[in-house]
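What follows is one structure encoded as structure tokens, with my remarks underneath.
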Amino acid sequence: MLKNSGFAVLVIALLSVLSSAQQDKSKRPSPPAQAQCKFSDGKTITVDYSSPRAKGRKIFGELVPYGQVWRTGANDATTFVTTATLSAEGKDIPAGSYTIFTLPEQNKWTLIVNKHTGEWGIPYKYESEELARIPMSVSKTSGPVENFTISFDQGGSTCTMKLSWEETQASVQFSEKK
């Protein structure tokens with residue numbers, strides 16, 4: 001009886017080690033990525049996301065349907081952490097940790113900042129915890145973008161977040177509130 005119990009514990013331990021090895025996010029088809037913007041006073045916006053690849057697929061309007069909330073990347077929901085109080089399109093975002101989603105349309109996008117954190121990403125079920133819905137500017141990229149990318153342009157007291165993939169770029173400017 002003790003031999004069987006010992007064997008069972010050994011098997012469980014081995015399975016736990018193998019399971020955690022499979023959770024190595026850097027080996028996922030959509031690897032983790034990070035974008036950061038630093039204001040002149042040292043406060044930051046940090047976005048952690050997973051970066052899917054286009055792989056010849058039609059992205060916006062097909063893989064990512066228009067008119068449906070998108071997790072803005074792949075795998076875990078995209079996190080948005082700011083150490084500054086921000087303003088964007090008349091909406092205030094206090095310093096803190098959030099999850100961001102987007103609502104892509106053909107000619108306009110909406111950034112959704114949600115107070116609920118730590119979820120997988122879809123289905124989107126946290127409307128009651130939304131902090132803000134912020135309109136985004138949409139434009140064409142200068143060429144195809146294979147890897148979904150979030151980046152920032154920093155200028156003075158503003159950080160412009162850009163989401164680029166396929167031939168689409170959506171952006172929103174955040175200003176630091178003093």
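Scheme for the structure tokens: letters A, B, ... for chains in order shown; per-chain residue numbers from 1; ligand numbers from 1 in order shown.
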*All residues 9 Å or closer to segment 117-122 of chain A, only C-alpha atoms, same chain fewer than 6 positions away omitted, as a list in words*: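 The contact residues come out as Val69, Trp70, Arg71, Thr72, Gly73, Ala74, Asn75, Asp76, Ala77, Thr78, Thr79, Ser97, Tyr98, Thr99 and Phe101 of chain A.
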Return as a Markdown table the residues of segment 150-178 of chain A lying at most 9 Å from segment 42-63 of chain A, together with the closest atom-to-atom pair for each and the distance in Å to one decimal, counting only C-alpha atoms, with rows in chain order and ascending residue number.
| residue | atom | partner | partner_atom | distance |
| --- | --- | --- | --- | --- |
| A:Ile150 | CA | A:Val47 | CA | 7.9 |
| A:Ser151 | CA | A:Val47 | CA | 8.9 |
| A:Cys159 | CA | A:Ile45 | CA | 8.3 |
| A:Trp165 | CA | A:Ala54 | CA | 7.8 |
| A:Glu166 | CA | A:Ile59 | CA | 6.6 |
| A:Thr168 | CA | A:Phe60 | CA | 8.2 |
| A:Glu176 | CA | A:Lys43 | CA | 8.9 |
_Selection: 10 Å around Ser142 of chain A, only C-alpha atoms, excl. self and same-chain fewer than 3 positions, as JSON, numbers by chain_ = {"A": [139, 145, 167, 168, 169]}
Selected residues written out, N, CA and C atoms, as an mmCIF file, in the first residue's frame:
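This is the output file again-v2.cif:
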data_model
loop_
_atom_site.group_PDB
_atom_site.id
_atom_site.type_symbol
_atom_site.label_atom_id
_atom_site.label_comp_id
_atom_site.auth_asym_id
_atom_site.auth_seq_id
_atom_site.Cartn_x
_atom_site.Cartn_y
_atom_site.Cartn_z
ATOM 1 N N SER A 139 -5.642 53.897 -39.418
ATOM 2 C CA SER A 139 -4.970 54.221 -40.677
ATOM 3 C C SER A 139 -4.368 52.948 -41.269
ATOM 4 N N VAL A 145 2.233 44.025 -41.923
ATOM 5 C CA VAL A 145 2.837 43.763 -40.615
ATOM 6 C C VAL A 145 2.500 42.319 -40.255
ATOM 7 N N GLU A 167 -2.436 45.255 -42.418
ATOM 8 C CA GLU A 167 -2.203 46.578 -43.023
ATOM 9 C C GLU A 167 -2.970 47.658 -42.276
ATOM 10 N N THR A 168 -3.236 47.407 -40.992
ATOM 11 C CA THR A 168 -4.034 48.325 -40.181
ATOM 12 C C THR A 168 -3.248 48.792 -38.971
ATOM 13 N N GLN A 169 -3.402 50.085 -38.660
ATOM 14 C CA GLN A 169 -2.840 50.636 -37.430
ATOM 15 C C GLN A 169 -3.933 51.442 -36.727
#
_Residues within 9 Å of Lys108 of chain A, please, as number ranges by chain. Count only C-alpha atoms; anything in the same chain fewer than 3 positions from it doesn't count._
A: 103-105, 135-138, 170
*Go through A:Ser30, A:Asn147, A:Asn114, A:Thr141 and flag the residue nearest Ser128 of chain A, using only C-alpha atoms for the distances.*
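With only C-alpha atoms as the atom set, the closest residue is A:Asn114.
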*With only C-alpha atoms as the atoms that count, which of A:Gln173, A:Thr149, A:Thr102, A:Thr160 lies nearest to Val64 of chain A?*
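Looking at the shortest contact to Val64 of chain A, the residue is A:Thr102.
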*Give the strand (DSSP E or B) residues of segment 43-123 of chain A, as DSSP finds them on the backbone, and put them as a ChimeraX atom specification.*
/A:44-50,53,60,64,70,78-82,86-88,91-93,96-104,109-114
Can you pull out every residue from chain A that DSSP, working from the backbone, puts in helix (DSSP H, G or I), and format the result as a compact mmCIF listing (two decimals) with C-alpha atoms, in the first residue's frame?
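What follows is the written file part35.txt:
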# COMPACT_ATOMS: atom_id res chain seq x y z
CA LEU A 2 2.80 2.43 0.87
CA LYS A 3 4.62 1.54 -2.38
CA ASN A 4 1.49 2.43 -4.39
CA SER A 5 1.09 5.74 -2.51
CA GLY A 6 4.76 6.61 -3.09
CA PHE A 7 4.47 5.77 -6.77
CA ALA A 8 1.32 7.91 -7.09
CA VAL A 9 3.07 10.88 -5.46
CA LEU A 10 6.03 10.44 -7.83
CA VAL A 11 3.75 10.34 -10.89
CA ILE A 12 1.87 13.46 -9.74
CA ALA A 13 5.14 15.31 -9.15
CA LEU A 14 6.44 14.31 -12.59
CA LEU A 15 3.21 15.41 -14.28
CA SER A 16 3.36 18.75 -12.44
CA VAL A 17 6.91 19.39 -13.69
CA LEU A 18 5.94 18.48 -17.26
CA SER A 19 2.83 20.65 -17.08
CA SER A 20 4.77 23.69 -15.89
CA ALA A 21 7.33 23.18 -18.65
CA GLN A 22 4.49 23.32 -21.18
CA LYS A 25 4.97 31.37 -22.68
CA SER A 26 8.02 32.11 -24.84
CA LYS A 27 7.45 28.84 -26.73
CA GLU A 127 -18.82 44.97 -19.34
CA SER A 128 -19.88 45.92 -15.81
CA GLU A 129 -16.22 46.52 -14.89
*Please measure the separation of atom CA of Pro94 of chain A and atom CA of Pro32 of chain A, giving the value in Å to one decimal.*
25.4 Å
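When atom CA of Val172 of chain A is paired with atom CA of Phe148 of chain A, their separation reads 16.4 Å.
With distances restricted to only C-alpha atoms, A:Lys177 is the closest residue to Ser87 of chain A from A:Lys115, A:Lys177, A:Glu130, A:Tyr66.
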*Find the spatial neighbours of Ile134 of chain A, counting only C-alpha atoms, within a cut-off of 9 Å - ignore same-chain residues fewer than 4 positions away - and output them as a list in words.*
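The neighbour list is Ala88, Glu89, Gly90, Lys91, Trp109, Thr110, Leu111, Ile112, Val113 and Val172 of chain A.
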May I have the selected residues written with N, CA, C and O atoms, as an mmCIF file, in the first residue's frame?
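Resulting contents of out09.cif:
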data_model
loop_
_atom_site.group_PDB
_atom_site.id
_atom_site.type_symbol
_atom_site.label_atom_id
_atom_site.label_comp_id
_atom_site.auth_asym_id
_atom_site.auth_seq_id
_atom_site.Cartn_x
_atom_site.Cartn_y
_atom_site.Cartn_z
ATOM 1 N N ALA A 88 -7.390 60.433 -22.020
ATOM 2 C CA ALA A 88 -7.428 60.127 -23.455
ATOM 3 C C ALA A 88 -8.830 60.431 -23.957
ATOM 4 O O ALA A 88 -9.809 59.876 -23.424
ATOM 5 N N GLU A 89 -8.923 61.300 -24.928
ATOM 6 C CA GLU A 89 -10.222 61.648 -25.524
ATOM 7 C C GLU A 89 -11.261 62.009 -24.452
ATOM 8 O O GLU A 89 -12.416 61.609 -24.524
ATOM 9 N N GLY A 90 -10.817 62.770 -23.436
ATOM 10 C CA GLY A 90 -11.724 63.229 -22.392
ATOM 11 C C GLY A 90 -12.034 62.214 -21.309
ATOM 12 O O GLY A 90 -12.802 62.500 -20.389
ATOM 13 N N LYS A 91 -11.432 61.028 -21.384
ATOM 14 C CA LYS A 91 -11.656 59.984 -20.366
ATOM 15 C C LYS A 91 -10.422 59.896 -19.469
ATOM 16 O O LYS A 91 -9.295 59.904 -19.962
ATOM 17 N N TRP A 109 -12.067 52.245 -34.498
ATOM 18 C CA TRP A 109 -11.822 51.285 -33.433
ATOM 19 C C TRP A 109 -12.153 51.949 -32.103
ATOM 20 O O TRP A 109 -12.104 53.177 -31.977
ATOM 21 N N THR A 110 -12.408 51.109 -31.099
ATOM 22 C CA THR A 110 -12.633 51.588 -29.747
ATOM 23 C C THR A 110 -11.732 50.793 -28.804
ATOM 24 O O THR A 110 -11.688 49.568 -28.875
ATOM 25 N N LEU A 111 -11.008 51.511 -27.948
ATOM 26 C CA LEU A 111 -10.199 50.885 -26.903
ATOM 27 C C LEU A 111 -11.081 50.749 -25.669
ATOM 28 O O LEU A 111 -11.731 51.711 -25.265
ATOM 29 N N ILE A 112 -11.105 49.550 -25.090
ATOM 30 C CA ILE A 112 -11.871 49.297 -23.870
ATOM 31 C C ILE A 112 -10.870 49.071 -22.741
ATOM 32 O O ILE A 112 -10.039 48.164 -22.809
ATOM 33 N N VAL A 113 -10.937 49.915 -21.714
ATOM 34 C CA VAL A 113 -10.086 49.774 -20.529
ATOM 35 C C VAL A 113 -10.964 49.182 -19.436
ATOM 36 O O VAL A 113 -11.978 49.765 -19.056
ATOM 37 N N VAL A 172 -4.109 55.638 -30.165
ATOM 38 C CA VAL A 172 -4.757 56.520 -29.208
ATOM 39 C C VAL A 172 -3.658 57.231 -28.423
ATOM 40 O O VAL A 172 -2.637 56.631 -28.094
#
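For the pair atom CA of Leu163 of chain A and atom CA of Ile100 of chain A, the separation is 11.9 Å.
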